[in-house]
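Asks: What follows is structure_8.txt, compact mmCIF, C-alpha atoms and all ligand atoms.
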# COMPACT_ATOMS: atom_id res chain seq x y z
CA MET A 1 -22.18 1.07 68.16
CA SER A 2 -25.69 1.48 66.92
CA ASP A 3 -28.09 -0.88 68.54
CA LEU A 4 -29.94 -3.00 66.06
CA GLY A 5 -31.88 -4.56 68.91
CA PRO A 6 -32.75 -8.19 68.96
CA SER A 7 -32.50 -9.15 65.33
CA PRO A 8 -35.32 -11.65 65.19
CA LEU A 9 -33.99 -14.24 62.84
CA ALA A 10 -30.38 -13.26 62.30
CA ALA A 11 -29.14 -16.18 64.33
CA ASN A 12 -31.07 -18.98 62.71
CA ASP A 13 -31.92 -20.19 59.29
CA GLU A 14 -35.58 -19.35 59.26
CA LYS A 15 -36.63 -16.94 56.55
CA LEU A 16 -38.08 -13.52 57.20
CA SER A 17 -41.09 -12.44 55.18
CA VAL A 18 -40.69 -9.32 53.04
CA ALA A 19 -43.03 -7.46 55.39
CA GLN A 20 -41.04 -8.52 58.49
CA ALA A 21 -37.75 -7.45 56.93
CA ARG A 22 -39.17 -4.10 55.80
CA ALA A 23 -40.59 -3.46 59.27
CA ALA A 24 -37.30 -4.44 60.94
CA ILE A 25 -35.40 -2.00 58.72
CA ALA A 26 -37.90 0.82 59.22
CA ALA A 27 -37.77 0.38 63.01
CA ARG A 28 -33.98 0.84 63.11
CA LEU A 29 -33.50 3.84 60.85
CA GLN A 30 -32.62 7.31 62.13
CA PRO A 31 -32.93 10.14 59.60
CA ILE A 32 -29.77 12.13 58.91
CA ALA A 33 -29.18 15.53 60.50
CA GLY A 34 -28.17 18.62 58.56
CA ASP A 35 -30.00 21.00 56.27
CA GLU A 36 -29.30 23.84 53.88
CA GLU A 37 -31.09 26.63 52.11
CA VAL A 38 -31.54 26.31 48.34
CA PRO A 39 -33.18 28.50 45.69
CA LEU A 40 -36.62 27.27 44.76
CA VAL A 41 -35.46 26.42 41.22
CA GLN A 42 -33.11 23.80 42.69
CA ALA A 43 -35.55 22.35 45.19
CA LEU A 44 -37.27 19.69 43.07
CA GLY A 45 -36.97 16.28 44.73
CA ARG A 46 -35.46 17.73 47.90
CA VAL A 47 -36.92 17.16 51.36
CA LEU A 48 -38.28 20.14 53.31
CA ALA A 49 -36.40 20.59 56.59
CA ALA A 50 -38.97 22.99 58.07
CA ASP A 51 -42.65 23.76 57.61
CA VAL A 52 -43.31 26.39 54.94
CA ILE A 53 -45.51 28.96 56.66
CA SER A 54 -47.59 31.12 54.39
CA PRO A 55 -46.71 34.82 54.81
CA ILE A 56 -49.83 35.89 52.89
CA ASP A 57 -53.35 34.83 52.06
CA VAL A 58 -53.57 33.15 48.67
CA PRO A 59 -55.41 34.50 46.87
CA ALA A 60 -54.85 37.85 48.55
CA HIS A 61 -58.34 39.13 47.61
CA ASP A 62 -61.73 37.72 46.80
CA ASN A 63 -61.67 37.49 43.01
CA SER A 64 -63.61 36.23 40.04
CA ALA A 65 -63.21 32.65 38.80
CA VAL A 66 -64.62 33.50 35.35
CA ASP A 67 -65.03 36.24 32.77
CA GLY A 68 -68.50 37.68 33.34
CA TYR A 69 -70.49 40.21 35.34
CA ALA A 70 -70.18 40.71 39.10
CA PHE A 71 -73.28 41.62 41.08
CA ASP A 72 -75.06 41.15 44.42
CA GLY A 73 -76.37 37.57 44.44
CA ALA A 74 -79.11 38.46 46.94
CA ALA A 75 -81.06 39.94 44.00
CA LEU A 76 -81.46 36.55 42.29
CA ARG A 77 -85.00 35.14 42.20
CA ALA A 78 -86.00 31.56 41.51
CA ASP A 79 -89.10 32.56 39.57
CA ALA A 80 -87.99 35.61 37.63
CA ALA A 81 -85.14 36.77 35.41
CA LEU A 82 -82.84 39.40 36.83
CA GLU A 83 -82.02 42.48 34.76
CA LEU A 84 -79.04 44.59 35.77
CA ARG A 85 -77.45 47.77 34.46
CA ALA A 86 -73.86 47.23 33.44
CA ALA A 87 -71.51 49.96 34.68
CA GLY A 88 -67.74 49.76 34.50
CA THR A 89 -65.12 47.04 34.04
CA VAL A 90 -62.61 45.45 36.41
CA MET A 91 -59.50 43.93 34.85
CA ALA A 92 -57.22 41.41 36.54
CA GLY A 93 -54.59 43.39 38.43
CA ASP A 94 -56.75 46.50 38.95
CA ALA A 95 -56.00 47.65 42.47
CA SER A 96 -59.06 49.69 43.49
CA PRO A 97 -62.22 48.28 41.99
CA ILE A 98 -65.40 50.20 41.88
CA THR A 99 -68.39 49.63 44.09
CA VAL A 100 -71.42 47.95 42.52
CA GLN A 101 -74.61 49.86 43.17
CA PRO A 102 -77.91 47.99 43.79
CA GLY A 103 -79.47 46.93 40.50
CA HIS A 104 -76.11 47.21 38.73
CA CYS A 105 -73.37 44.86 37.65
CA VAL A 106 -69.74 45.28 36.64
CA ARG A 107 -67.95 43.53 33.79
CA ILE A 108 -65.17 41.48 35.38
CA MET A 109 -62.27 39.34 34.14
CA THR A 110 -60.96 36.09 35.59
CA GLY A 111 -58.69 36.80 38.56
CA ALA A 112 -59.88 40.42 38.95
CA VAL A 113 -60.64 41.66 42.48
CA MET A 114 -64.33 41.41 43.38
CA PRO A 115 -65.84 44.89 43.62
CA ALA A 116 -67.51 45.94 46.86
CA GLY A 117 -71.24 45.23 46.80
CA ALA A 118 -70.81 42.08 44.65
CA ASP A 119 -70.50 38.47 45.79
CA THR A 120 -71.51 36.58 42.63
CA VAL A 121 -70.28 36.45 39.03
CA VAL A 122 -72.42 35.33 36.13
CA PRO A 123 -70.24 33.85 33.38
CA LEU A 124 -70.56 35.53 29.98
CA GLU A 125 -72.00 32.38 28.44
CA LEU A 126 -74.82 32.20 31.01
CA CYS A 127 -76.26 35.67 30.53
CA GLN A 128 -77.60 37.85 27.76
CA VAL A 129 -75.98 41.18 27.11
CA LEU A 130 -78.52 43.68 25.81
CA ASN A 131 -78.58 47.29 24.61
CA GLU A 132 -74.99 47.27 23.34
CA GLY A 133 -73.61 46.19 26.67
CA ALA A 134 -75.65 48.51 28.85
CA GLN A 135 -77.86 45.77 30.29
CA VAL A 136 -77.41 42.19 31.43
CA ARG A 137 -80.20 39.65 31.80
CA ILE A 138 -79.88 36.46 33.86
CA GLU A 139 -82.58 33.82 33.50
CA PRO A 140 -83.89 32.23 36.72
CA ARG A 141 -81.98 29.31 38.28
CA VAL A 142 -78.84 29.61 36.12
CA LEU A 143 -76.67 30.25 39.16
CA LYS A 144 -76.72 30.60 42.93
CA PRO A 145 -75.62 33.52 45.08
CA GLY A 146 -71.86 33.41 45.76
CA GLU A 147 -71.02 31.38 42.66
CA ASN A 148 -67.79 31.97 40.74
CA ARG A 149 -66.21 33.97 43.52
CA ARG A 150 -62.84 32.73 44.78
CA ARG A 151 -62.42 33.61 48.43
CA ARG A 152 -59.41 35.33 49.87
CA GLY A 153 -57.15 32.71 51.49
CA GLU A 154 -59.14 29.77 50.10
CA ASP A 155 -55.97 28.24 48.66
CA LEU A 156 -53.58 29.06 51.52
CA LYS A 157 -54.18 30.99 54.74
CA ARG A 158 -51.66 33.44 56.10
CA ASP A 159 -49.59 32.12 59.06
CA HIS A 160 -50.73 28.55 58.39
CA PRO A 161 -48.35 25.79 57.25
CA ALA A 162 -48.60 25.47 53.48
CA LEU A 163 -46.28 22.43 53.40
CA ARG A 164 -44.94 20.31 56.22
CA SER A 165 -41.36 19.45 57.07
CA GLY A 166 -40.45 16.09 55.56
CA ARG A 167 -42.26 16.79 52.31
CA LEU A 168 -40.49 15.46 49.23
CA LEU A 169 -40.94 18.43 46.90
CA ARG A 170 -42.83 17.80 43.67
CA PRO A 171 -43.53 20.19 40.78
CA ALA A 172 -46.85 21.43 42.21
CA ASP A 173 -45.14 22.09 45.56
CA LEU A 174 -42.62 24.37 43.86
CA GLY A 175 -45.51 26.30 42.32
CA LEU A 176 -47.26 26.45 45.67
CA ILE A 177 -44.18 27.86 47.41
CA ALA A 178 -43.75 30.35 44.57
CA SER A 179 -47.39 31.45 45.00
CA LEU A 180 -46.37 32.58 48.50
CA GLY A 181 -43.59 34.76 47.11
CA ILE A 182 -40.91 32.55 48.72
CA GLU A 183 -37.65 32.24 46.78
CA GLN A 184 -35.51 30.06 49.06
CA VAL A 185 -36.40 26.92 50.98
CA ARG A 186 -34.71 25.07 53.82
CA VAL A 187 -34.19 21.45 52.82
CA LYS A 188 -32.40 18.46 54.26
CA ARG A 189 -28.96 17.99 52.83
CA ARG A 190 -28.83 15.29 50.17
CA LEU A 191 -28.32 11.74 51.35
CA ARG A 192 -24.85 10.52 50.34
CA VAL A 193 -24.88 6.93 49.24
CA ALA A 194 -21.67 5.03 48.53
CA LEU A 195 -21.91 2.23 46.02
CA PHE A 196 -19.66 -0.63 45.02
CA SER A 197 -19.88 -3.98 43.30
CA THR A 198 -18.06 -7.09 44.47
CA GLY A 199 -16.85 -10.18 42.63
CA ASN A 200 -13.63 -11.48 41.13
CA GLU A 201 -15.52 -12.39 37.95
CA ILE A 202 -16.81 -8.84 37.42
CA CYS A 203 -15.12 -6.63 34.82
CA THR A 204 -15.04 -2.85 34.83
CA LEU A 205 -16.28 -1.02 31.76
CA GLY A 206 -13.40 -0.12 29.48
CA GLU A 207 -11.64 -3.39 30.30
CA ALA A 208 -11.65 -6.26 27.77
CA LEU A 209 -14.03 -8.98 28.98
CA ARG A 210 -11.88 -11.67 30.56
CA PRO A 211 -12.81 -15.32 29.99
CA GLY A 212 -15.54 -16.48 32.35
CA CYS A 213 -16.35 -12.94 33.41
CA VAL A 214 -19.25 -10.48 33.14
CA TYR A 215 -19.32 -6.72 33.02
CA ASP A 216 -20.43 -4.83 36.10
CA SER A 217 -24.05 -3.97 35.42
CA ASN A 218 -25.30 -3.60 38.98
CA ARG A 219 -23.37 -0.44 39.73
CA PHE A 220 -25.05 1.27 36.79
CA SER A 221 -28.62 0.18 37.44
CA LEU A 222 -28.26 1.02 41.13
CA MET A 223 -26.64 4.36 40.35
CA GLY A 224 -29.61 5.17 38.14
CA ALA A 225 -32.03 4.16 40.88
CA LEU A 226 -30.20 6.39 43.38
CA GLN A 227 -30.09 9.31 40.98
CA ARG A 228 -33.84 8.96 40.43
CA LEU A 229 -34.23 9.41 44.18
CA GLY A 230 -32.17 12.61 44.04
CA MET A 231 -29.35 11.15 46.10
CA GLU A 232 -25.64 11.93 45.92
CA VAL A 233 -23.74 8.88 44.75
CA VAL A 234 -20.21 8.14 45.92
CA ASP A 235 -18.99 5.64 43.34
CA LEU A 236 -16.45 3.29 44.90
CA GLY A 237 -16.16 1.11 41.82
CA LEU A 238 -15.46 -2.56 41.87
CA VAL A 239 -14.09 -4.50 44.86
CA ARG A 240 -12.47 -7.91 44.71
CA ASP A 241 -13.72 -10.85 46.78
CA ASP A 242 -11.14 -10.22 49.45
CA PRO A 243 -11.73 -9.26 53.08
CA GLN A 244 -9.11 -6.53 53.11
CA ALA A 245 -10.39 -4.95 49.92
CA LEU A 246 -13.93 -5.03 51.29
CA GLN A 247 -12.83 -3.48 54.56
CA ALA A 248 -10.92 -0.78 52.70
CA ALA A 249 -13.97 0.02 50.55
CA LEU A 250 -16.21 0.34 53.60
CA GLN A 251 -13.64 2.58 55.27
CA GLN A 252 -13.50 4.65 52.12
CA ALA A 253 -17.29 5.07 52.34
CA SER A 254 -16.84 6.51 55.86
CA VAL A 255 -13.95 8.73 54.83
CA GLN A 256 -16.12 10.09 52.01
CA GLN A 257 -18.82 10.96 54.56
CA ALA A 258 -21.38 8.58 53.12
CA ASP A 259 -24.61 8.10 55.07
CA ALA A 260 -25.30 4.72 53.55
CA VAL A 261 -23.42 2.15 51.53
CA LEU A 262 -24.96 -0.10 48.94
CA THR A 263 -23.11 -3.17 47.75
CA SER A 264 -24.02 -5.97 45.39
CA GLY A 265 -22.79 -9.54 45.32
CA GLY A 266 -20.91 -11.67 47.78
CA VAL A 267 -23.62 -12.10 50.38
CA SER A 268 -24.80 -15.59 49.52
CA ALA A 269 -24.20 -18.16 52.22
CA GLY A 270 -21.59 -20.21 50.41
CA ASP A 271 -19.11 -17.78 49.02
CA ALA A 272 -18.86 -15.01 51.48
CA ASP A 273 -18.24 -16.00 55.05
CA TYR A 274 -15.57 -13.34 55.27
CA THR A 275 -18.16 -10.70 54.35
CA ARG A 276 -20.00 -11.54 57.53
CA ASP A 277 -16.79 -11.37 59.52
CA VAL A 278 -15.76 -8.03 58.09
CA LEU A 279 -19.19 -6.52 58.65
CA ALA A 280 -19.39 -7.95 62.16
CA GLN A 281 -16.04 -6.34 62.99
CA LEU A 282 -17.11 -2.95 61.70
CA GLY A 283 -20.58 -2.73 63.15
CA GLU A 284 -23.87 -4.47 63.65
CA VAL A 285 -25.24 -6.14 60.62
CA ALA A 286 -28.06 -8.64 60.34
CA PHE A 287 -27.90 -11.25 57.59
CA TRP A 288 -31.32 -12.26 56.54
CA LYS A 289 -32.70 -14.93 54.34
CA ILE A 290 -35.88 -13.48 52.96
CA ALA A 291 -38.85 -15.49 51.76
CA MET A 292 -38.96 -13.83 48.37
CA ARG A 293 -38.11 -14.37 44.76
CA PRO A 294 -35.90 -13.08 43.28
CA GLY A 295 -33.55 -12.23 46.13
CA ARG A 296 -31.01 -14.29 47.99
CA PRO A 297 -29.81 -13.52 51.51
CA PHE A 298 -29.25 -9.89 52.04
CA ALA A 299 -27.66 -7.92 54.82
CA PHE A 300 -28.76 -4.76 56.51
CA GLY A 301 -27.20 -2.91 59.38
CA ALA A 302 -25.18 0.02 60.64
CA LEU A 303 -21.42 0.38 60.71
CA GLY A 304 -19.51 2.90 62.79
CA GLY A 305 -20.71 4.93 65.75
CA THR A 306 -24.17 6.07 66.78
CA ASP A 307 -23.28 9.72 66.18
CA LYS A 308 -23.02 9.08 62.46
CA PRO A 309 -23.85 5.54 61.50
CA LEU A 310 -23.06 4.25 58.03
CA TRP A 311 -26.17 2.34 57.00
CA MET A 312 -25.37 -0.78 55.09
CA PHE A 313 -27.45 -2.53 52.44
CA ALA A 314 -25.73 -5.56 50.95
CA LEU A 315 -27.78 -6.64 47.95
CA PRO A 316 -27.52 -9.92 46.07
CA GLY A 317 -25.32 -10.04 42.96
CA ASN A 318 -27.80 -11.28 40.40
CA PRO A 319 -28.69 -8.18 38.39
CA VAL A 320 -32.48 -8.56 38.70
CA ALA A 321 -32.31 -9.57 42.36
CA ALA A 322 -30.08 -6.56 43.08
CA LEU A 323 -32.62 -4.12 41.62
CA VAL A 324 -35.67 -5.84 43.06
CA THR A 325 -34.19 -5.96 46.58
CA PHE A 326 -33.20 -2.32 46.13
CA TYR A 327 -36.83 -1.40 45.36
CA VAL A 328 -38.26 -3.62 48.09
CA PHE A 329 -35.87 -2.81 50.95
CA ALA A 330 -33.45 0.00 50.19
CA ARG A 331 -35.68 2.53 48.40
CA ASP A 332 -38.08 3.36 51.23
CA ALA A 333 -35.26 3.09 53.78
CA LEU A 334 -33.09 5.61 51.91
CA ILE A 335 -36.04 7.98 51.53
CA ALA A 336 -36.64 7.75 55.28
CA LEU A 337 -32.93 8.28 56.03
CA ALA A 338 -33.06 11.37 53.82
CA GLY A 339 -35.66 12.74 56.24
CA ALA A 340 -38.74 12.41 54.03
CA THR A 341 -42.08 11.43 55.49
CA PRO A 342 -42.80 8.01 54.00
CA GLU A 343 -45.62 7.78 51.51
CA PRO A 344 -47.03 4.41 50.55
CA LEU A 345 -46.22 3.32 47.03
CA PRO A 346 -49.38 3.43 44.90
CA VAL A 347 -50.30 -0.15 44.02
CA LEU A 348 -52.29 -0.77 40.85
CA GLN A 349 -54.64 -3.70 40.45
CA ALA A 350 -54.51 -5.30 37.03
CA ARG A 351 -55.92 -8.43 35.40
CA CYS A 352 -53.27 -11.06 34.96
CA ALA A 353 -53.09 -12.11 31.29
CA THR A 354 -51.93 -15.65 32.06
CA ALA A 355 -52.07 -18.12 34.91
CA ILE A 356 -49.05 -18.05 37.26
CA ARG A 357 -48.04 -20.94 39.49
CA LYS A 358 -47.01 -19.97 42.99
CA ARG A 359 -46.93 -21.52 46.41
CA PRO A 360 -47.83 -19.57 49.55
CA GLY A 361 -45.01 -18.71 51.93
CA ARG A 362 -42.95 -16.26 49.92
CA THR A 363 -43.40 -13.00 48.05
CA GLU A 364 -42.70 -13.08 44.33
CA PHE A 365 -41.79 -10.13 42.14
CA GLN A 366 -42.18 -10.77 38.43
CA ARG A 367 -41.10 -8.44 35.66
CA ALA A 368 -44.19 -7.34 33.77
CA ILE A 369 -45.76 -4.96 31.30
CA VAL A 370 -48.96 -3.30 32.37
CA ALA A 371 -51.20 -1.66 29.78
CA PRO A 372 -54.82 -0.49 29.49
CA ALA A 373 -57.11 -3.48 28.88
CA VAL A 374 -59.57 -3.62 25.98
CA GLY A 375 -62.71 -3.69 28.15
CA GLY A 376 -61.41 -1.08 30.65
CA GLY A 377 -59.07 -1.34 33.59
CA PHE A 378 -55.53 -2.70 33.18
CA GLU A 379 -53.99 -5.92 32.05
CA VAL A 380 -50.58 -7.17 33.10
CA ARG A 381 -48.41 -9.76 31.39
CA LEU A 382 -44.98 -11.12 32.22
CA THR A 383 -41.91 -10.14 30.19
CA GLY A 384 -40.01 -13.14 28.91
CA SER A 385 -37.76 -15.25 31.09
CA GLN A 386 -37.98 -14.51 34.79
CA GLY A 387 -34.51 -15.86 35.71
CA ALA A 388 -32.83 -13.67 38.35
CA GLY A 389 -29.95 -12.95 36.00
CA ILE A 390 -32.01 -11.95 32.95
CA LEU A 391 -31.72 -8.18 33.05
CA ARG A 392 -33.32 -7.76 29.62
CA SER A 393 -36.72 -8.74 30.99
CA MET A 394 -36.33 -6.07 33.69
CA SER A 395 -35.41 -3.50 31.06
CA GLU A 396 -38.44 -4.46 28.93
CA ALA A 397 -40.78 -4.31 31.93
CA ASN A 398 -42.62 -1.19 33.06
CA ALA A 399 -43.76 -2.69 36.35
CA LEU A 400 -43.33 -5.44 38.90
CA LEU A 401 -46.18 -7.89 39.33
CA VAL A 402 -46.26 -8.65 43.05
CA LEU A 403 -47.64 -11.89 44.44
CA GLY A 404 -48.04 -11.60 48.21
CA HIS A 405 -46.59 -13.88 50.87
CA GLU A 406 -49.79 -15.82 51.51
CA GLN A 407 -50.97 -15.85 47.91
CA GLY A 408 -51.17 -19.10 45.94
CA SER A 409 -51.38 -19.67 42.19
CA VAL A 410 -53.11 -17.05 40.09
CA ALA A 411 -55.66 -17.86 37.38
CA ALA A 412 -55.72 -15.95 34.10
CA GLY A 413 -57.98 -12.91 34.46
CA GLU A 414 -57.50 -12.65 38.23
CA LEU A 415 -56.63 -9.25 39.72
CA VAL A 416 -53.04 -8.92 40.94
CA ASP A 417 -50.97 -6.13 42.53
CA VAL A 418 -48.64 -4.16 40.30
CA TRP A 419 -45.89 -1.68 41.23
CA LEU A 420 -45.33 0.78 38.41
CA PHE A 421 -41.77 1.84 37.63
CA ASP A 422 -42.79 5.35 36.56
CA GLY A 423 -45.47 7.66 37.84
CA LEU A 424 -46.89 10.97 36.65
CA VAL A 425 -44.76 13.22 38.82
P1 LIG A 501 -23.15 -13.33 44.05
O1 LIG A 501 -24.31 -12.75 44.77
O2 LIG A 501 -21.89 -12.57 44.29
O3 LIG A 501 -23.02 -14.79 44.34
O4 LIG A 501 -23.46 -13.18 42.50
C1 LIG A 501 -24.56 -13.84 41.91
C2 LIG A 501 -24.53 -13.70 40.41
O5 LIG A 501 -24.62 -12.35 40.05
C3 LIG A 501 -23.26 -14.22 39.76
O6 LIG A 501 -23.60 -14.83 38.54
C4 LIG A 501 -22.47 -12.96 39.52
O7 LIG A 501 -21.56 -13.08 38.46
C5 LIG A 501 -23.53 -11.97 39.21
N1 LIG A 501 -23.10 -10.62 39.57
C6 LIG A 501 -22.62 -10.27 40.77
N2 LIG A 501 -22.31 -8.96 40.77
C7 LIG A 501 -22.59 -8.49 39.54
C8 LIG A 501 -22.49 -7.21 38.92
N3 LIG A 501 -22.02 -6.15 39.58
N4 LIG A 501 -22.89 -7.08 37.64
C9 LIG A 501 -23.36 -8.14 36.97
N5 LIG A 501 -23.50 -9.37 37.50
C10 LIG A 501 -23.12 -9.55 38.77
MG MG A 502 -19.87 -12.79 43.99
Spit out the file's structure as structure tokens when you get a sec.
Ligand code: AMP
Ligand code: MG
Replies:
Amino acid sequence: MSDLGPSPLAANDEKLSVAQARAAIAARLQPIAGDEEVPLVQALGRVLAADVISPIDVPAHDNSAVDGYAFDGAALRADAALELRAAGTVMAGDASPITVQPGHCVRIMTGAVMPAGADTVVPLELCQVLNEGAQVRIEPRVLKPGENRRRRGEDLKRDHPALRSGRLLRPADLGLIASLGIEQVRVKRRLRVALFSTGNEICTLGEALRPGCVYDSNRFSLMGALQRLGMEVVDLGLVRDDPQALQAALQQASVQQADAVLTSGGVSAGDADYTRDVLAQLGEVAFWKIAMRPGRPFAFGALGGTDKPLWMFALPGNPVAALVTFYVFARDALIALAGATPEPLPVLQARCATAIRKRPGRTEFQRAIVAPAVGGGFEVRLTGSQGAGILRSMSEANALLVLGHEQGSVAAGELVDVWLFDGLV
């Protein structure tokens, strides 16, 4: 049995704040074990399982940052132009550059190895080339000694960690690893997340819509959210509101070696007492009422043994509430389970286009569109109806407008926090 510790408010009706619930989840998680080696071309979005130690200095030599002339910067004078004799050329990739004699300079290309006797490069556009290329004149104070020289190892030093274990690999990281000549990386295995929807009124795609029913949308939005996080999805389909069916689905998640299981629906207080019973039989699960909107009670816990717990996130059924609680509680937790070092979500501040009524004591997540404002900065406005079942307004949104637990009503023009759905990388 995994020990969830004293679950602060599981036993009474008081609501947890979003921050309390997030902290309680984070405190209980244990990252999965297991890693594998993958080719660099398949490593995007994976989590490093070991530090990447640089086997070389990058760059491997001092080299020029510009196209120009390399020379000894000690010859520069603040009160007089410097005239140098141009002798020779160094191209990028030339292995044995010439030595620059005093009073001389060498034509050099970007990335070419700095010749011995030179520590400074004057860019072509900052000097005059005279006598058909035989002479170069540099006016006083156009550059300082040492300028435009890239130092050996200034990007990455040999035997130093270039990237740390736990790093979620982004495009620049792949380039960085490639710059070290490394073709394979050791990464954590992918997190396996089982997913099912619950509800007798939910129809599977392909089925004719029965009277009084709705199609299963949650499984598809949550699958998309999991795929965005680079996780392996074990799709367990649709499960009826029936204790045995629920138990069988959870067992199936274990059989399929899932690390976590995500469900939607059936956790509200009224309709799902059996859900609590089933989960209580299988492991330790805390049911929480959270002071947030949207979002009804949601359950978090661990099923099975401590050697390989099955982490459980039971999300509310309302399509918007399911996605919002996924972003607020499950996203960071799954990233941490996958072994990644948590990084705070960047929060944008934007001017609220309209006034919003709110009372302190709960966190509110509103679907919104954020866009550059006319006078600079960003403006955010709400997208249509904010009902917890209106998925269209979530689809139209590009961000969540977040009103904090203690925050009261917002006046038009006031700055508010915004969580963007999409970032640059
Ligand atoms: P529940 O949390 O099970 O009480 O469900 C709350 C609301 O969400 C009900 O209107 C359900 O019909 C709806 N709902 C539950 N699960 C889904 C689903 N997978 N797809 C679409 N709507 C759902
Ligand atoms: Mg239901």
Asks: Check the smallest atom-to-atom distance from each of A:Gln256, A:Gln386, A:Thr99, A:Ser395 to Ala194 (chain A) using only C-alpha atoms, then report the winner.
Replies: A:Gln256
Asks: Can you list, as a list in words, every protein, DNA or RNA residue that comes within 7 Å of Gly73 (chain A) when you count only C-alpha atoms, leaving out same-chain residues fewer than 6 positions away?
Replies: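 Returned residues: Asp119, Thr120, Pro145 and Gly146 of chain A.
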Asks: Around the point (-28.4, 4.3, 63.3), in the coordinates given by the file, pick out the residues reaching within 7 Å, counting only C-alpha atoms, and return them as an MDAnalysis selection string.
Replies: chainID A and resid 2 28:30 302 306 309 311
Asks: Padding of 5 Å on every side, edges along x, y and z, all listed atoms of ligand LIG 501 (chain A) included: what centre and edge lengths in Å, to one decimal, does that box have, as JSON?
Replies:
{"center_x": -23.1, "center_y": -10.5, "center_z": 40.9, "size_x": 13.1, "size_y": 18.7, "size_z": 17.8}
Asks: Figure out the distance between CA of Ala399 (chain A) and CA of Phe378 (chain A), please, to one decimal in Å.
Replies: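 So the two atoms, CA of Phe378 (chain A) and CA of Ala399 (chain A), lie 12.2 Å apart.
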Asks: Contacts between ligand LIG 501 (chain A) and chain A, please, where a residue of chain A counts if it comes within 9 Å (with all atoms listed in the file); show its shortest atom pair and distance in Å to one decimal, rows by chain and ascending number, as CSV.
Replies:
residue,atom,partner,partner_atom,distance
A:Phe196,CA,A:LIG501,N3,8.1
A:Ser197,CA,A:LIG501,N3,4.8
A:Thr198,CA,A:LIG501,N2,5.9
A:Gly199,CA,A:LIG501,O2,5.8
A:Asn200,CA,A:LIG501,O7,8.5
A:Glu201,CA,A:LIG501,O7,6.1
A:Ile202,CA,A:LIG501,C8,6.1
A:Cys203,CA,A:LIG501,N4,8.3
A:Cys213,CA,A:LIG501,O7,7.3
A:Val214,CA,A:LIG501,C9,6.1
A:Tyr215,CA,A:LIG501,C9,5.8
A:Asp216,CA,A:LIG501,N4,3.7
A:Ser217,CA,A:LIG501,N4,4.0
A:Asn218,CA,A:LIG501,N3,4.2
A:Arg219,CA,A:LIG501,N3,5.9
A:Phe220,CA,A:LIG501,N3,8.5
A:Leu238,CA,A:LIG501,N3,7.8
A:Asp241,CA,A:LIG501,O2,8.7
A:Thr263,CA,A:LIG501,N3,8.8
A:Ser264,CA,A:LIG501,N2,5.8
A:Gly265,CA,A:LIG501,O2,3.3
A:Gly266,CA,A:LIG501,O2,3.7
A:Val267,CA,A:LIG501,O1,5.7
A:Ser268,CA,A:LIG501,O3,5.5
A:Ala269,CA,A:LIG501,O3,8.7
A:Gly270,CA,A:LIG501,O3,8.3
A:Asp271,CA,A:LIG501,O3,6.8
A:Ala272,CA,A:LIG501,O2,8.2
A:Arg296,CA,A:LIG501,O1,7.6
A:Pro297,CA,A:LIG501,O1,8.7
A:Leu315,CA,A:LIG501,O1,7.7
A:Pro316,CA,A:LIG501,O1,4.5
A:Gly317,CA,A:LIG501,O1,3.4
A:Asn318,CA,A:LIG501,O5,3.4
A:Pro319,CA,A:LIG501,N5,5.4
A:Val320,CA,A:LIG501,O5,8.8
A:Ala321,CA,A:LIG501,O5,8.5
A:Ala322,CA,A:LIG501,N2,8.5
A:Ala388,CA,A:LIG501,O5,8.5
A:Gly389,CA,A:LIG501,O5,6.7
Asks: Could you check which of A:Pro346, A:Ile25, A:Arg240, A:Leu303 is closest to ligand MG 502 (chain A), using all atoms listed in the file?
Replies: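 Using all atoms listed in the file, ligand MG 502 (chain A) sits closest to A:Arg240.
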Asks: What is the distance between CA of Arg46 (chain A) and CA of Lys308 (chain A), in Å to one decimal?
Replies: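 Separation of CA of Arg46 (chain A) and CA of Lys308 (chain A): 21.0 Å.
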Asks: Go ahead and find all residues with at least one atom no further than 9 Å from (-43.6, -16.4, 43.5) in the file's coordinates, using all atoms listed in the file; report them as an mmCIF file with C-alpha atoms, in the frame of the given file.
Replies:
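Dumped everything to result.cif:
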data_model
loop_
_atom_site.group_PDB
_atom_site.id
_atom_site.type_symbol
_atom_site.label_atom_id
_atom_site.label_comp_id
_atom_site.auth_asym_id
_atom_site.auth_seq_id
_atom_site.Cartn_x
_atom_site.Cartn_y
_atom_site.Cartn_z
ATOM 1 C CA MET A 292 -38.960 -13.830 48.370
ATOM 2 C CA ARG A 293 -38.110 -14.370 44.760
ATOM 3 C CA PRO A 294 -35.900 -13.080 43.280
ATOM 4 C CA ILE A 356 -49.050 -18.050 37.260
ATOM 5 C CA ARG A 357 -48.040 -20.940 39.490
ATOM 6 C CA LYS A 358 -47.010 -19.970 42.990
ATOM 7 C CA ARG A 359 -46.930 -21.520 46.410
ATOM 8 C CA PRO A 360 -47.830 -19.570 49.550
ATOM 9 C CA GLY A 361 -45.010 -18.710 51.930
ATOM 10 C CA ARG A 362 -42.950 -16.260 49.920
ATOM 11 C CA THR A 363 -43.400 -13.000 48.050
ATOM 12 C CA GLU A 364 -42.700 -13.080 44.330
ATOM 13 C CA PHE A 365 -41.790 -10.130 42.140
ATOM 14 C CA GLN A 366 -42.180 -10.770 38.430
ATOM 15 C CA VAL A 402 -46.260 -8.650 43.050
ATOM 16 C CA LEU A 403 -47.640 -11.890 44.440
ATOM 17 C CA GLY A 404 -48.040 -11.600 48.210
ATOM 18 C CA HIS A 405 -46.590 -13.880 50.870
ATOM 19 C CA GLN A 407 -50.970 -15.850 47.910
ATOM 20 C CA GLY A 408 -51.170 -19.100 45.940
ATOM 21 C CA SER A 409 -51.380 -19.670 42.190
#
